[in-house]
>>> print(open('structure.tsv').read())   # TSV, C-alpha atoms
chain	number	residue	atom	x	y	z
A	3	MET	CA	1.95	-30.10	26.29
A	4	VAL	CA	4.43	-29.20	23.58
A	5	GLN	CA	2.92	-27.30	20.66
A	6	MET	CA	4.23	-28.56	17.33
A	7	LYS	CA	5.07	-26.17	14.51
A	8	LYS	CA	4.06	-26.69	10.93
A	9	HIS	CA	7.26	-27.40	9.05
A	10	LYS	CA	7.64	-27.19	5.28
A	11	ILE	CA	10.36	-29.32	3.67
A	12	TYR	CA	11.49	-28.79	0.07
A	13	GLU	CA	13.67	-31.47	-1.54
A	14	ALA	CA	16.21	-30.56	-4.22
A	15	GLU	CA	19.30	-32.02	-5.87
A	16	LEU	CA	22.43	-30.00	-6.59
A	17	ILE	CA	24.46	-31.30	-9.54
A	18	GLN	CA	28.15	-30.60	-10.08
A	19	PRO	CA	28.40	-28.81	-13.48
A	20	ALA	CA	32.17	-29.22	-14.01
A	21	CYS	CA	35.35	-30.08	-12.16
A	22	PRO	CA	36.37	-26.99	-10.12
A	23	TYR	CA	40.08	-27.88	-10.60
A	24	CYS	CA	40.47	-28.75	-14.29
A	25	GLY	CA	37.06	-27.98	-15.77
A	26	SER	CA	36.51	-31.51	-17.03
A	27	LEU	CA	33.02	-32.92	-17.49
A	28	ALA	CA	34.06	-36.56	-17.06
A	29	PHE	CA	32.83	-37.57	-13.60
A	30	LEU	CA	32.65	-40.67	-11.51
A	31	HIS	CA	29.53	-40.37	-9.35
A	32	ASN	CA	30.06	-40.98	-5.62
A	33	GLY	CA	26.65	-40.43	-3.99
A	34	HIS	CA	25.16	-37.34	-2.34
A	35	LEU	CA	25.61	-35.34	0.85
A	36	ILE	CA	22.19	-34.56	2.32
A	37	THR	CA	22.06	-31.12	4.00
A	38	ASN	CA	18.98	-29.68	5.69
A	39	ILE	CA	19.24	-25.93	5.12
A	40	ARG	CA	17.07	-23.61	7.20
A	41	TYR	CA	15.61	-20.90	5.01
A	42	LEU	CA	13.95	-17.67	6.05
A	43	THR	CA	10.18	-17.30	5.91
A	44	ALA	CA	7.77	-14.41	6.30
A	45	ASN	CA	6.13	-16.19	9.26
A	46	ALA	CA	8.56	-17.54	11.87
A	47	SER	CA	5.90	-19.95	13.20
A	48	HIS	CA	6.01	-21.82	9.86
A	49	PRO	CA	9.71	-22.56	9.27
A	50	ALA	CA	10.95	-23.91	5.96
A	51	THR	CA	13.77	-26.39	5.34
A	52	ILE	CA	15.43	-27.16	2.02
A	53	ARG	CA	16.65	-30.77	1.99
A	54	LEU	CA	19.48	-30.38	-0.50
A	55	ALA	CA	21.26	-33.40	-1.97
A	56	LYS	CA	24.73	-32.25	-3.02
A	57	GLN	CA	26.30	-34.46	-5.66
A	58	ARG	CA	29.77	-35.85	-4.85
A	59	VAL	CA	31.94	-36.75	-7.81
A	60	ARG	CA	35.47	-37.76	-8.76
A	61	CYS	CA	37.07	-36.28	-11.85
A	62	ARG	CA	38.27	-38.93	-14.32
A	63	ASP	CA	40.97	-36.61	-15.69
A	64	CYS	CA	42.63	-35.14	-12.56
A	65	SER	CA	41.37	-37.81	-10.11
A	66	ARG	CA	40.34	-35.18	-7.54
A	67	TRP	CA	37.19	-35.31	-5.42
A	68	SER	CA	34.69	-32.46	-5.32
A	69	MET	CA	31.16	-31.72	-4.18
A	70	ALA	CA	28.55	-29.47	-5.76
A	71	GLN	CA	28.25	-26.06	-4.07
A	72	SER	CA	25.57	-23.40	-4.18
A	73	GLU	CA	25.21	-19.74	-3.17
A	74	LEU	CA	22.22	-20.83	-1.11
A	75	ALA	CA	24.48	-21.79	1.80
A	76	SER	CA	28.17	-22.09	2.58
A	77	LYS	CA	29.98	-25.40	2.50
A	78	TYR	CA	29.04	-27.74	5.39
A	79	CYS	CA	26.66	-25.07	6.74
A	80	SER	CA	22.95	-25.67	7.41
A	81	ILE	CA	21.99	-21.98	7.71
A	82	SER	CA	21.22	-20.23	4.45
A	83	ASN	CA	23.06	-17.06	3.48
A	84	ALA	CA	19.71	-15.29	3.20
A	85	SER	CA	18.97	-16.14	6.83
A	86	LYS	CA	22.41	-14.85	7.87
A	87	LEU	CA	21.77	-11.63	6.01
A	88	LYS	CA	18.44	-11.22	7.78
A	89	ILE	CA	20.15	-11.87	11.14
A	90	LEU	CA	22.81	-9.31	10.29
A	91	SER	CA	20.14	-6.77	9.39
A	92	ALA	CA	18.43	-7.40	12.74
A	93	LEU	CA	21.74	-6.89	14.56
A	94	THR	CA	21.83	-3.32	13.27
A	95	GLU	CA	18.66	-2.59	15.27
A	96	ASP	CA	18.14	-2.30	19.00
A	97	CYS	CA	16.95	-5.82	19.81
A	98	SER	CA	18.32	-8.72	21.83
A	99	MET	CA	20.02	-11.77	20.36
A	100	THR	CA	17.37	-14.02	21.89
A	101	SER	CA	14.57	-12.25	20.03
A	102	ILE	CA	16.60	-12.31	16.79
A	103	ALA	CA	17.16	-16.07	17.16
A	104	SER	CA	13.45	-16.65	17.81
A	105	GLU	CA	12.37	-14.60	14.79
A	106	ASN	CA	14.75	-16.48	12.46
A	107	ASN	CA	14.29	-20.02	13.84
A	108	VAL	CA	17.96	-20.35	14.78
A	109	SER	CA	19.85	-20.68	18.03
A	110	VAL	CA	21.39	-17.82	19.99
A	111	ASN	CA	24.83	-19.31	19.27
A	112	THR	CA	24.16	-18.91	15.55
A	113	VAL	CA	23.37	-15.23	16.06
A	114	GLN	CA	26.58	-14.86	18.06
A	115	ARG	CA	28.59	-16.51	15.28
A	116	VAL	CA	27.10	-14.11	12.72
A	117	LEU	CA	28.01	-11.22	15.03
A	118	GLY	CA	31.54	-12.56	15.55
A	119	SER	CA	32.12	-12.97	11.81
A	120	CYS	CA	31.70	-9.19	11.38
A	121	SER	CA	34.48	-8.21	13.77
A	122	HIS	CA	37.21	-8.43	11.12
A	123	ARG	CA	35.45	-5.80	9.00
A	124	PHE	CA	36.38	-2.98	11.41
A	125	LEU	CA	40.11	-2.87	10.81
A	126	ASP	CA	42.14	0.17	11.83
A	127	SER	CA	43.70	2.50	9.31
A	128	TYR	CA	46.67	4.52	10.54
A	129	GLU	CA	46.95	6.87	7.58
A	130	TYR	CA	44.20	9.38	8.38
A	131	LEU	CA	42.77	11.22	11.37
A	132	PRO	CA	39.93	13.78	11.31
A	133	ALA	CA	40.74	17.44	11.90
A	134	HIS	CA	38.48	17.61	14.96
A	135	LEU	CA	38.39	14.85	17.59
A	136	ALA	CA	36.34	14.29	20.73
A	137	PHE	CA	37.60	12.17	23.66
A	138	ASP	CA	35.55	10.50	26.38
A	139	GLU	CA	34.96	7.18	28.12
A	140	PHE	CA	32.01	4.90	28.90
A	141	LYS	CA	31.28	1.93	31.14
A	142	GLY	CA	31.19	-1.39	29.33
A	143	VAL	CA	32.31	-4.95	30.04
A	144	ASP	CA	32.60	-5.73	33.78
A	145	ARG	CA	31.78	-2.08	34.56
A	146	GLN	CA	35.19	-1.03	33.26
A	147	LEU	CA	35.78	2.29	31.53
A	148	HIS	CA	36.51	2.08	27.80
A	149	PHE	CA	37.98	4.90	25.71
A	150	ILE	CA	35.98	6.28	22.78
A	151	CYS	CA	37.01	8.81	20.15
A	152	LEU	CA	34.64	10.46	17.66
A	153	ASP	CA	35.00	12.71	14.63
A	154	GLY	CA	33.81	16.14	15.75
A	155	ASP	CA	32.38	16.99	12.31
A	156	SER	CA	30.77	13.80	10.98
A	157	HIS	CA	30.15	12.27	14.46
A	158	GLN	CA	31.49	8.91	13.27
A	159	VAL	CA	33.42	6.61	15.59
A	160	VAL	CA	37.17	6.84	15.09
A	161	GLN	CA	38.10	4.19	17.65
A	162	ILE	CA	36.89	2.40	20.77
A	163	LEU	CA	39.62	0.93	22.98
A	164	ARG	CA	39.31	-1.61	25.76
A	165	THR	CA	41.05	0.63	28.33
A	166	ARG	CA	41.59	4.35	28.78
A	167	TYR	CA	45.07	4.11	30.32
A	168	LYS	CA	47.55	6.74	29.21
A	169	LYS	CA	50.19	4.30	27.97
A	170	ASN	CA	47.65	2.46	25.81
A	171	LEU	CA	46.34	5.69	24.27
A	172	LEU	CA	49.87	6.91	23.55
A	173	LYS	CA	50.68	3.57	21.93
A	174	TYR	CA	47.54	3.65	19.77
A	175	PHE	CA	47.88	7.23	18.49
A	176	GLY	CA	51.63	6.73	18.08
A	177	ARG	CA	50.92	4.21	15.32
A	178	PHE	CA	49.49	6.92	13.06
A	179	SER	CA	51.74	8.59	10.55
A	180	PRO	CA	53.15	12.05	11.42
A	181	GLN	CA	51.06	13.55	8.61
A	182	ALA	CA	47.85	12.07	10.05
A	183	ARG	CA	48.61	13.35	13.56
A	184	ALA	CA	49.55	16.78	12.21
A	185	ASN	CA	46.14	16.99	10.52
A	186	VAL	CA	44.34	17.17	13.90
A	187	ARG	CA	43.35	20.76	14.73
A	188	THR	CA	41.20	20.48	17.86
A	189	VAL	CA	40.56	17.83	20.52
A	190	THR	CA	37.47	18.29	22.70
A	191	MET	CA	37.44	16.65	26.14
A	192	ASP	CA	36.46	17.01	29.75
A	193	LEU	CA	38.97	18.02	32.43
A	194	ASN	CA	40.66	14.61	32.51
A	195	PHE	CA	44.25	15.59	33.28
A	196	TYR	CA	46.15	13.03	31.18
A	197	TYR	CA	44.08	13.52	28.04
A	198	GLN	CA	45.84	16.86	27.64
A	199	ASP	CA	49.25	15.17	27.96
A	200	ILE	CA	48.24	12.78	25.17
A	201	VAL	CA	47.20	15.66	22.91
A	202	ARG	CA	50.46	17.52	23.47
A	203	ALA	CA	52.52	14.38	22.86
A	204	CYS	CA	50.69	13.11	19.75
A	205	PHE	CA	49.10	16.08	17.99
A	206	PRO	CA	51.54	18.97	17.48
A	207	ASN	CA	49.02	21.29	15.76
A	208	ALA	CA	45.96	20.56	17.91
A	209	GLN	CA	44.22	22.96	20.28
A	210	ILE	CA	42.74	21.56	23.49
A	211	VAL	CA	39.04	22.41	23.92
A	212	ILE	CA	37.30	21.86	27.27
A	213	ASP	CA	33.68	20.90	26.75
A	214	ARG	CA	31.26	23.68	27.75
A	215	PHE	CA	28.76	21.29	29.29
A	216	HIS	CA	31.34	19.88	31.72
A	217	MET	CA	32.44	23.35	32.81
A	218	ILE	CA	28.89	24.46	33.59
A	219	GLN	CA	28.12	21.12	35.23
A	220	MET	CA	31.05	21.49	37.61
A	221	LEU	CA	29.93	24.99	38.62
A	222	THR	CA	26.29	24.03	39.15
A	223	ARG	CA	27.27	21.01	41.25
A	224	SER	CA	29.54	23.14	43.42
A	225	PHE	CA	26.78	25.72	43.89
A	226	ASN	CA	24.25	22.99	44.73
A	227	SER	CA	26.64	21.60	47.33
A	228	LEU	CA	26.99	25.07	48.87
A	229	ARG	CA	23.21	25.54	48.87
A	230	VAL	CA	22.74	22.32	50.85
A	231	LYS	CA	25.49	23.35	53.26
A	232	VAL	CA	23.89	26.77	53.90
A	233	MET	CA	20.43	25.20	54.15
A	234	LYS	CA	21.53	22.87	56.96
A	235	THR	CA	22.56	25.84	59.08
A	236	PHE	CA	18.88	26.82	59.53
A	237	ASP	CA	16.13	25.13	61.47
A	238	LYS	CA	14.06	22.71	59.39
A	239	ARG	CA	10.86	24.58	60.24
A	240	SER	CA	12.26	27.98	59.32
A	241	ARG	CA	11.33	29.95	56.21
A	242	GLN	CA	14.96	30.12	55.06
A	243	TYR	CA	15.29	26.32	55.19
A	244	GLN	CA	12.13	25.79	53.14
A	245	LEU	CA	13.15	28.42	50.57
A	246	LEU	CA	16.45	26.64	49.99
A	247	LYS	CA	15.11	23.07	50.07
A	248	SER	CA	11.84	22.53	48.20
A	249	PRO	CA	12.44	24.72	45.09
A	250	TRP	CA	16.04	23.52	44.62
A	251	LYS	CA	15.63	23.07	40.86
A	252	LEU	CA	14.96	26.79	40.43
A	253	TYR	CA	18.46	27.63	41.63
A	254	LEU	CA	20.00	25.59	38.81
A	255	LYS	CA	18.01	27.29	36.03
A	256	LYS	CA	19.09	30.43	34.24
A	257	PHE	CA	17.72	33.47	36.01
A	258	ASP	CA	16.28	34.87	32.75
A	259	GLU	CA	14.09	31.79	32.41
A	260	LEU	CA	12.47	32.15	35.85
A	261	GLU	CA	8.87	33.31	36.16
A	262	LYS	CA	8.81	36.97	37.24
A	263	VAL	CA	5.17	38.01	36.76
A	264	HIS	CA	2.73	35.42	38.07
A	265	PRO	CA	3.26	34.44	41.74
A	266	ARG	CA	2.14	31.06	43.03
A	267	TYR	CA	1.36	29.87	46.53
A	268	ASN	CA	3.64	27.26	48.03
A	269	TRP	CA	2.64	25.42	51.18
A	270	HIS	CA	6.26	24.78	52.19
A	271	TYR	CA	7.03	28.40	53.01
A	272	LYS	CA	3.38	29.51	53.27
A	273	ASP	CA	3.66	32.41	50.83
A	274	CYS	CA	2.74	33.46	47.30
A	275	LEU	CA	5.91	34.26	45.36
A	276	THR	CA	7.21	34.20	41.80
A	277	GLN	CA	10.10	31.93	40.93
A	278	ALA	CA	12.48	34.89	40.72
A	279	GLN	CA	11.39	36.08	44.17
A	280	VAL	CA	11.97	32.63	45.64
A	281	VAL	CA	15.51	32.46	44.27
A	282	THR	CA	16.34	36.05	45.24
A	283	GLU	CA	15.15	35.61	48.81
A	284	GLY	CA	16.88	32.24	49.08
A	285	ILE	CA	20.34	33.44	48.00
A	286	ASN	CA	20.03	36.51	50.26
A	287	THR	CA	20.28	34.21	53.27
A	288	SER	CA	24.06	34.04	52.77
A	289	THR	CA	26.56	36.41	51.15
A	290	THR	CA	28.73	33.50	50.01
A	291	LEU	CA	25.70	31.81	48.45
A	292	GLU	CA	24.67	35.02	46.68
A	293	ASN	CA	28.17	35.62	45.27
A	294	SER	CA	28.41	32.01	44.10
A	295	TYR	CA	25.00	32.20	42.42
A	296	ASN	CA	25.83	35.43	40.61
A	297	LEU	CA	29.16	34.02	39.44
A	298	MET	CA	27.50	30.85	38.17
A	299	GLN	CA	24.86	32.81	36.25
A	300	SER	CA	27.45	35.18	34.76
A	301	PHE	CA	29.65	32.23	33.76
A	302	ILE	CA	26.77	30.50	31.95
A	303	GLN	CA	25.89	33.69	30.10
A	304	ALA	CA	29.52	34.31	29.12
A	305	VAL	CA	29.84	30.77	27.74
A	306	GLU	CA	26.61	31.07	25.74
A	307	THR	CA	27.65	34.43	24.25
A	308	ASP	CA	31.26	33.33	23.58
A	309	ASN	CA	32.50	36.23	25.73
A	310	THR	CA	36.05	35.12	26.53
A	311	HIS	CA	37.01	38.42	28.18
A	312	GLU	CA	34.15	38.16	30.67
A	313	LEU	CA	34.97	34.50	31.21
A	314	LYS	CA	38.57	35.30	32.02
A	315	SER	CA	37.59	37.96	34.56
A	316	LEU	CA	35.12	35.57	36.23
A	317	ILE	CA	37.79	32.90	36.58
A	318	ASN	CA	40.02	35.47	38.32
A	319	CYS	CA	37.15	36.58	40.57
A	320	GLN	CA	38.16	37.62	44.10
A	321	ASP	CA	34.67	37.58	45.67
A	322	GLN	CA	33.83	35.39	48.64
A	323	ILE	CA	32.48	32.17	47.18
A	324	GLY	CA	32.16	28.55	48.21
A	325	THR	CA	35.29	26.46	48.82
A	326	LEU	CA	34.43	23.88	46.15
A	327	MET	CA	33.63	26.56	43.57
A	328	HIS	CA	36.91	28.29	44.41
A	329	LYS	CA	38.79	25.05	43.69
A	330	ILE	CA	36.95	24.68	40.38
A	331	LEU	CA	37.91	28.22	39.37
A	332	LEU	CA	41.54	27.38	40.20
A	333	THR	CA	41.24	24.35	37.92
A	334	PHE	CA	39.85	26.56	35.16
A	335	LYS	CA	42.67	29.03	35.73
A	336	HIS	CA	45.26	26.24	35.43
A	337	ASN	CA	43.64	25.21	32.10
A	338	LEU	CA	42.77	28.76	31.03
A	339	THR	CA	43.62	28.44	27.33
A	340	ALA	CA	41.60	25.23	26.92
A	341	VAL	CA	38.66	26.70	28.84
A	342	LEU	CA	38.61	29.84	26.69
A	343	ASN	CA	38.81	27.64	23.58
A	344	GLY	CA	35.70	25.85	24.81
A	345	ALA	CA	33.79	29.13	24.80
A	346	ALA	CA	35.26	30.54	21.60
A	347	LEU	CA	35.20	27.46	19.33
A	348	PRO	CA	31.99	25.73	18.17
A	349	TYR	CA	33.15	22.20	19.02
A	350	SER	CA	31.85	20.25	22.01
A	351	ASN	CA	31.37	16.72	23.32
A	352	GLY	CA	27.62	16.82	22.74
A	353	CYS	CA	27.84	14.29	19.90
A	354	LEU	CA	29.91	12.00	22.09
A	355	GLU	CA	27.50	12.19	25.03
A	356	GLY	CA	24.66	11.28	22.68
A	357	PHE	CA	26.61	8.32	21.30
A	358	ASN	CA	27.41	7.15	24.85
A	359	ARG	CA	23.67	7.21	25.54
A	360	LYS	CA	23.19	4.93	22.53
A	361	ILE	CA	25.86	2.54	23.85
A	362	LYS	CA	24.08	2.37	27.22
A	363	GLN	CA	20.89	1.41	25.42
A	364	ILE	CA	22.71	-1.35	23.52
A	365	GLU	CA	24.06	-2.75	26.79
A	366	ARG	CA	20.68	-2.44	28.50
A	367	THR	CA	18.91	-4.36	25.74
A	368	ALA	CA	21.43	-7.21	25.97
A	369	PHE	CA	21.49	-7.13	29.81
A	370	GLY	CA	25.22	-6.39	29.57
A	371	TYR	CA	28.12	-7.85	27.59
A	372	SER	CA	30.87	-10.11	28.89
A	373	ASN	CA	32.88	-10.00	25.65
A	374	PHE	CA	34.39	-6.67	24.59
A	375	THR	CA	34.74	-7.73	20.93
A	376	ASN	CA	31.03	-8.55	20.70
A	377	LEU	CA	30.13	-5.22	22.31
A	378	LEU	CA	32.42	-3.33	19.95
A	379	THR	CA	31.01	-5.15	16.89
A	380	ARG	CA	27.42	-4.50	17.96
A	381	ILE	CA	28.16	-0.80	18.44
A	382	ARG	CA	29.69	-0.61	14.99
A	383	LEU	CA	26.79	-2.50	13.41
A	384	GLU	CA	24.25	-0.09	14.85
A	385	GLU	CA	25.98	2.89	13.29
A	386	ASP	CA	23.81	4.38	10.56
A	387	LEU	CA	26.51	4.31	7.91
A	388	TYR	CA	26.90	0.53	8.14
A	389	LYS	CA	23.25	0.08	7.16
A	390	GLU	CA	23.91	1.90	3.88
A	391	LYS	CA	26.32	-0.77	2.60
A	392	GLU	CA	25.20	-3.06	-0.17
A	393	PRO	CA	23.56	-6.28	1.09
A	394	ASN	CA	25.72	-8.50	-1.13
A	395	SER	CA	28.87	-7.25	0.57
A	396	LEU	CA	27.61	-8.40	3.96
A	397	LEU	CA	27.26	-12.12	3.18
A	398	MET	CA	29.59	-14.16	5.32
A	399	THR	CA	30.62	-17.68	6.12
A	400	ALA	CA	29.63	-17.97	9.76
>>> encode(input="structure.tsv", output="structure tokens")
Amino acid sequence: MVQMKKHKIYEAELIQPACPYCGSLAFLHNGHLITNIRYLTANASHPATIRLAKQRVRCRDCSRWSMAQSELASKYCSISNASKLKILSALTEDCSMTSIASENNVSVNTVQRVLGSCSHRFLDSYEYLPAHLAFDEFKGVDRQLHFICLDGDSHQVVQILRTRYKKNLLKYFGRFSPQARANVRTVTMDLNFYYQDIVRACFPNAQIVIDRFHMIQMLTRSFNSLRVKVMKTFDKRSRQYQLLKSPWKLYLKKFDELEKVHPRYNWHYKDCLTQAQVVTEGINTSTTLENSYNLMQSFIQAVETDNTHELKSLINCQDQIGTLMHKILLTFKHNLTAVLNGAALPYSNGCLEGFNRKIKQIERTAFGYSNFTNLLTRIRLEEDLYKEKEPNSLLMTA
């Protein structure tokens, strides 16, 4: 059984005040155009419709036809501008288009048209670039990687591009004026090899900064891989195997944060030990594992204290460490200046990682996007600064 909604209908007539072409008041009446305009209501279960009769006239002086228009709705449109503004306001929040359409008594296609009419507002300006940039990528339409660039100071989006290919990035940044590109002082990134080529080619005064989080992440992953490799050399019922397997999260924490006073019993290795004792006994099972752990801990401490001299000596370490960690140190050595900049300068990709998390939430709410323009417009709409614009400037003709 279909449940009927209570529907309020208001009838009104719109009269043409004067000829829009010559300003004459001499009209020849030619009937009305009846338009049913959906208007917003406080309760979506009681929709309201304004049945507006627009007067059609012919000017006796200039012989031109015209029809009365109102700010209530655009010409030949049955959705009120107030409803569009409410839809636009809802698009700045984390909610699906289906729920927005249901709350405003419109179709999903109407919500999509309102979203599409905003895309032209985000035009590129090639006269200015921030002094501090952050580069990264995220998965978007069809699981492809899209390039994103943020302002390192204000955390505002500079640009989001459909692809992250080197030729496309060089073409985009090449459009900026030489003065704008010379204004860039630092570019923060991960260890993506061609991002550095782009910085050297486009920004003559910029320093390359490797993000601290990515450096530590690479070291901890290499150590974790070595821990698993050493663990598998022991019997599964042995004490060494259990010490390296069950408390694996303790090995990835900073040693200063481990519990050193109150021991706890663990049924895996049938002993009562503190967290520090567990880690110490676990890394003592292998010299390579112990050296790798000490290097990882020293590296984290050097990065946190901005100790570039200690960082440089750790990168040139000659101790016996894991193969993967050795390769990572060689990578750091090859990018030594950028790595040291990551420890010495206060800029990082933390703002960009947080914004990528917000993009993932936008995609999750919409169950994915198949149109890159719609995804880009929705991301821009959900930026906080867009909400601060005056409501009158957001009215559109969708």
>>> residues_around(input="structure.tsv", residues="Ala28 of chain A", least_positions_apart="4", cutoff="8 Å", atoms="all atoms listed in the file", output="ChimeraX atom specification")
/A:61-63
>>> residues_around(input="structure.tsv", residues="Thr100 of chain A", least_positions_apart="4", cutoff="12 Å", atoms="only C-alpha atoms", output="ChimeraX atom specification")
/A:89,92-93,104-114,367-369
>>> closest_residue(input="structure.tsv", among="A:Phe178, A:Tyr130, A:Tyr271, A:Phe301", to="Gly284 of chain A", atoms="all atoms listed in the file")
A:Tyr271
>>> atom_distance(input="structure.tsv", atom1="atom CA of Ile210 of chain A", atom2="atom CA of Asp321 of chain A")
28.5 Å
>>> residues_around(input="structure.tsv", residues="Thr289 of chain A", least_positions_apart="3", cutoff="12 Å", atoms="only C-alpha atoms", output="VMD selection string")
chain A and resid 228 to 229 232 282 to 286 292 to 296 321 to 324
>>> atom_distance(input="structure.tsv", atom1="atom CA of Arg66 of chain A", atom2="atom CA of Leu27 of chain A")
12.6 Å
>>> residues_around(input="structure.tsv", residues="Leu254 of chain A", least_positions_apart="3", cutoff="9 Å", atoms="only C-alpha atoms", output="PDB file with C-alpha atoms, keeping the file's coordinate frame")
ATOM      1  CA  THR A 222      26.290  24.030  39.150  1.00  0.00           C
ATOM      2  CA  ARG A 223      27.270  21.010  41.250  1.00  0.00           C
ATOM      3  CA  PHE A 225      26.780  25.720  43.890  1.00  0.00           C
ATOM      4  CA  ASN A 226      24.250  22.990  44.730  1.00  0.00           C
ATOM      5  CA  TRP A 250      16.040  23.520  44.620  1.00  0.00           C
ATOM      6  CA  LYS A 251      15.630  23.070  40.860  1.00  0.00           C
ATOM      7  CA  PHE A 257      17.720  33.470  36.010  1.00  0.00           C
TER       8      PHE A 257
END
>>> residues_around(input="structure.tsv", residues="Thr94 of chain A", least_positions_apart="3", cutoff="6 Å", atoms="only C-alpha atoms", output="ChimeraX atom specification")
/A:91,383-384
>>> atom_distance(input="structure.tsv", atom1="atom CA of Met327 of chain A", atom2="atom CA of Tyr197 of chain A")
22.8 Å
>>> residues_near_point(input="structure.tsv", point="(19.6, -2.0, 25.6)", cutoff="12 Å", atoms="all atoms listed in the file", output="number ranges by chain")
A: 95-99, 359-371, 377, 380-381, 384
>>> closest_residue(input="structure.tsv", among="A:His134, A:His328, A:Lys141, A:Lys169", to="Gly154 of chain A", atoms="all atoms listed in the file")
A:His134
>>> closest_residue(input="structure.tsv", among="A:Arg187, A:Ala70, A:Asn83, A:Gln219", to="Lys255 of chain A", atoms="only C-alpha atoms")
A:Gln219
>>> closest_residue(input="structure.tsv", among="A:Leu331, A:Leu163, A:Ile52, A:Ile200", to="Glu13 of chain A", atoms="all atoms listed in the file")
A:Ile52
>>> axis_aligned_box(input="structure.tsv", around="segment 209-216 of chain A", padding_each_side="4 Å", output="AutoDock Vina command-line options")
--center_x 36.5 --center_y 21.8 --center_z 26.0 --size_x 23.5 --size_y 11.8 --size_z 19.4
>>> closest_residue(input="structure.tsv", among="A:Ala50, A:Ala75, A:Ile302, A:Ala345", to="Tyr12 of chain A", atoms="only C-alpha atoms")
A:Ala50
>>> closest_residue(input="structure.tsv", among="A:Arg214, A:Arg166, A:His157, A:Lys256", to="Ala340 of chain A", atoms="all atoms listed in the file")
A:Arg214
>>> residues_near_point(input="structure.tsv", point="(6.3, -25.8, 11.5)", cutoff="6 Å", atoms="all atoms listed in the file", output="PyMOL selection string")
chain A and resi 7-9+48-49
>>> build_atoms(input="structure.tsv", residues="segment 62-73 of chain A", atoms="N, CA, C and O atoms", output="PDB file, in the frame of the given file")
ATOM      1  N   ARG A  62      37.540 -37.865 -13.663  1.00  0.00           N
ATOM      2  CA  ARG A  62      38.270 -38.930 -14.320  1.00  0.00           C
ATOM      3  C   ARG A  62      39.616 -38.454 -14.879  1.00  0.00           C
ATOM      4  O   ARG A  62      40.527 -39.256 -15.077  1.00  0.00           O
ATOM      5  N   ASP A  63      39.741 -37.145 -15.094  1.00  0.00           N
ATOM      6  CA  ASP A  63      40.970 -36.610 -15.690  1.00  0.00           C
ATOM      7  C   ASP A  63      42.032 -36.288 -14.645  1.00  0.00           C
ATOM      8  O   ASP A  63      43.192 -36.685 -14.775  1.00  0.00           O
ATOM      9  N   CYS A  64      41.634 -35.534 -13.583  1.00  0.00           N
ATOM     10  CA  CYS A  64      42.630 -35.140 -12.560  1.00  0.00           C
ATOM     11  C   CYS A  64      42.529 -35.977 -11.289  1.00  0.00           C
ATOM     12  O   CYS A  64      43.325 -35.782 -10.356  1.00  0.00           O
ATOM     13  N   SER A  65      41.542 -36.888 -11.243  1.00  0.00           N
ATOM     14  CA  SER A  65      41.370 -37.810 -10.110  1.00  0.00           C
ATOM     15  C   SER A  65      41.187 -37.082  -8.772  1.00  0.00           C
ATOM     16  O   SER A  65      41.596 -37.576  -7.721  1.00  0.00           O
ATOM     17  N   ARG A  66      40.573 -35.936  -8.777  1.00  0.00           N
ATOM     18  CA  ARG A  66      40.340 -35.180  -7.540  1.00  0.00           C
ATOM     19  C   ARG A  66      38.847 -35.216  -7.210  1.00  0.00           C
ATOM     20  O   ARG A  66      37.987 -35.210  -8.091  1.00  0.00           O
ATOM     21  N   TRP A  67      38.567 -35.246  -5.908  1.00  0.00           N
ATOM     22  CA  TRP A  67      37.190 -35.310  -5.420  1.00  0.00           C
ATOM     23  C   TRP A  67      36.638 -33.896  -5.267  1.00  0.00           C
ATOM     24  O   TRP A  67      37.346 -32.956  -4.911  1.00  0.00           O
ATOM     25  N   SER A  68      35.352 -33.751  -5.501  1.00  0.00           N
ATOM     26  CA  SER A  68      34.690 -32.460  -5.320  1.00  0.00           C
ATOM     27  C   SER A  68      33.211 -32.686  -5.016  1.00  0.00           C
ATOM     28  O   SER A  68      32.676 -33.789  -5.233  1.00  0.00           O
ATOM     29  N   MET A  69      32.580 -31.641  -4.518  1.00  0.00           N
ATOM     30  CA  MET A  69      31.160 -31.720  -4.180  1.00  0.00           C
ATOM     31  C   MET A  69      30.476 -30.465  -4.701  1.00  0.00           C
ATOM     32  O   MET A  69      31.045 -29.359  -4.657  1.00  0.00           O
ATOM     33  N   ALA A  70      29.279 -30.602  -5.204  1.00  0.00           N
ATOM     34  CA  ALA A  70      28.550 -29.470  -5.760  1.00  0.00           C
ATOM     35  C   ALA A  70      28.262 -28.432  -4.681  1.00  0.00           C
ATOM     36  O   ALA A  70      27.885 -28.785  -3.548  1.00  0.00           O
ATOM     37  N   GLN A  71      28.473 -27.152  -5.004  1.00  0.00           N
ATOM     38  CA  GLN A  71      28.250 -26.060  -4.070  1.00  0.00           C
ATOM     39  C   GLN A  71      27.244 -25.079  -4.662  1.00  0.00           C
ATOM     40  O   GLN A  71      27.085 -24.979  -5.880  1.00  0.00           O
ATOM     41  N   SER A  72      26.583 -24.352  -3.757  1.00  0.00           N
ATOM     42  CA  SER A  72      25.570 -23.400  -4.180  1.00  0.00           C
ATOM     43  C   SER A  72      25.701 -22.118  -3.350  1.00  0.00           C
ATOM     44  O   SER A  72      26.216 -22.138  -2.223  1.00  0.00           O
ATOM     45  N   GLU A  73      25.230 -20.998  -3.906  1.00  0.00           N
ATOM     46  CA  GLU A  73      25.210 -19.740  -3.170  1.00  0.00           C
ATOM     47  C   GLU A  73      24.106 -19.714  -2.123  1.00  0.00           C
ATOM     48  O   GLU A  73      24.022 -18.770  -1.329  1.00  0.00           O
TER      49      GLU A  73
END
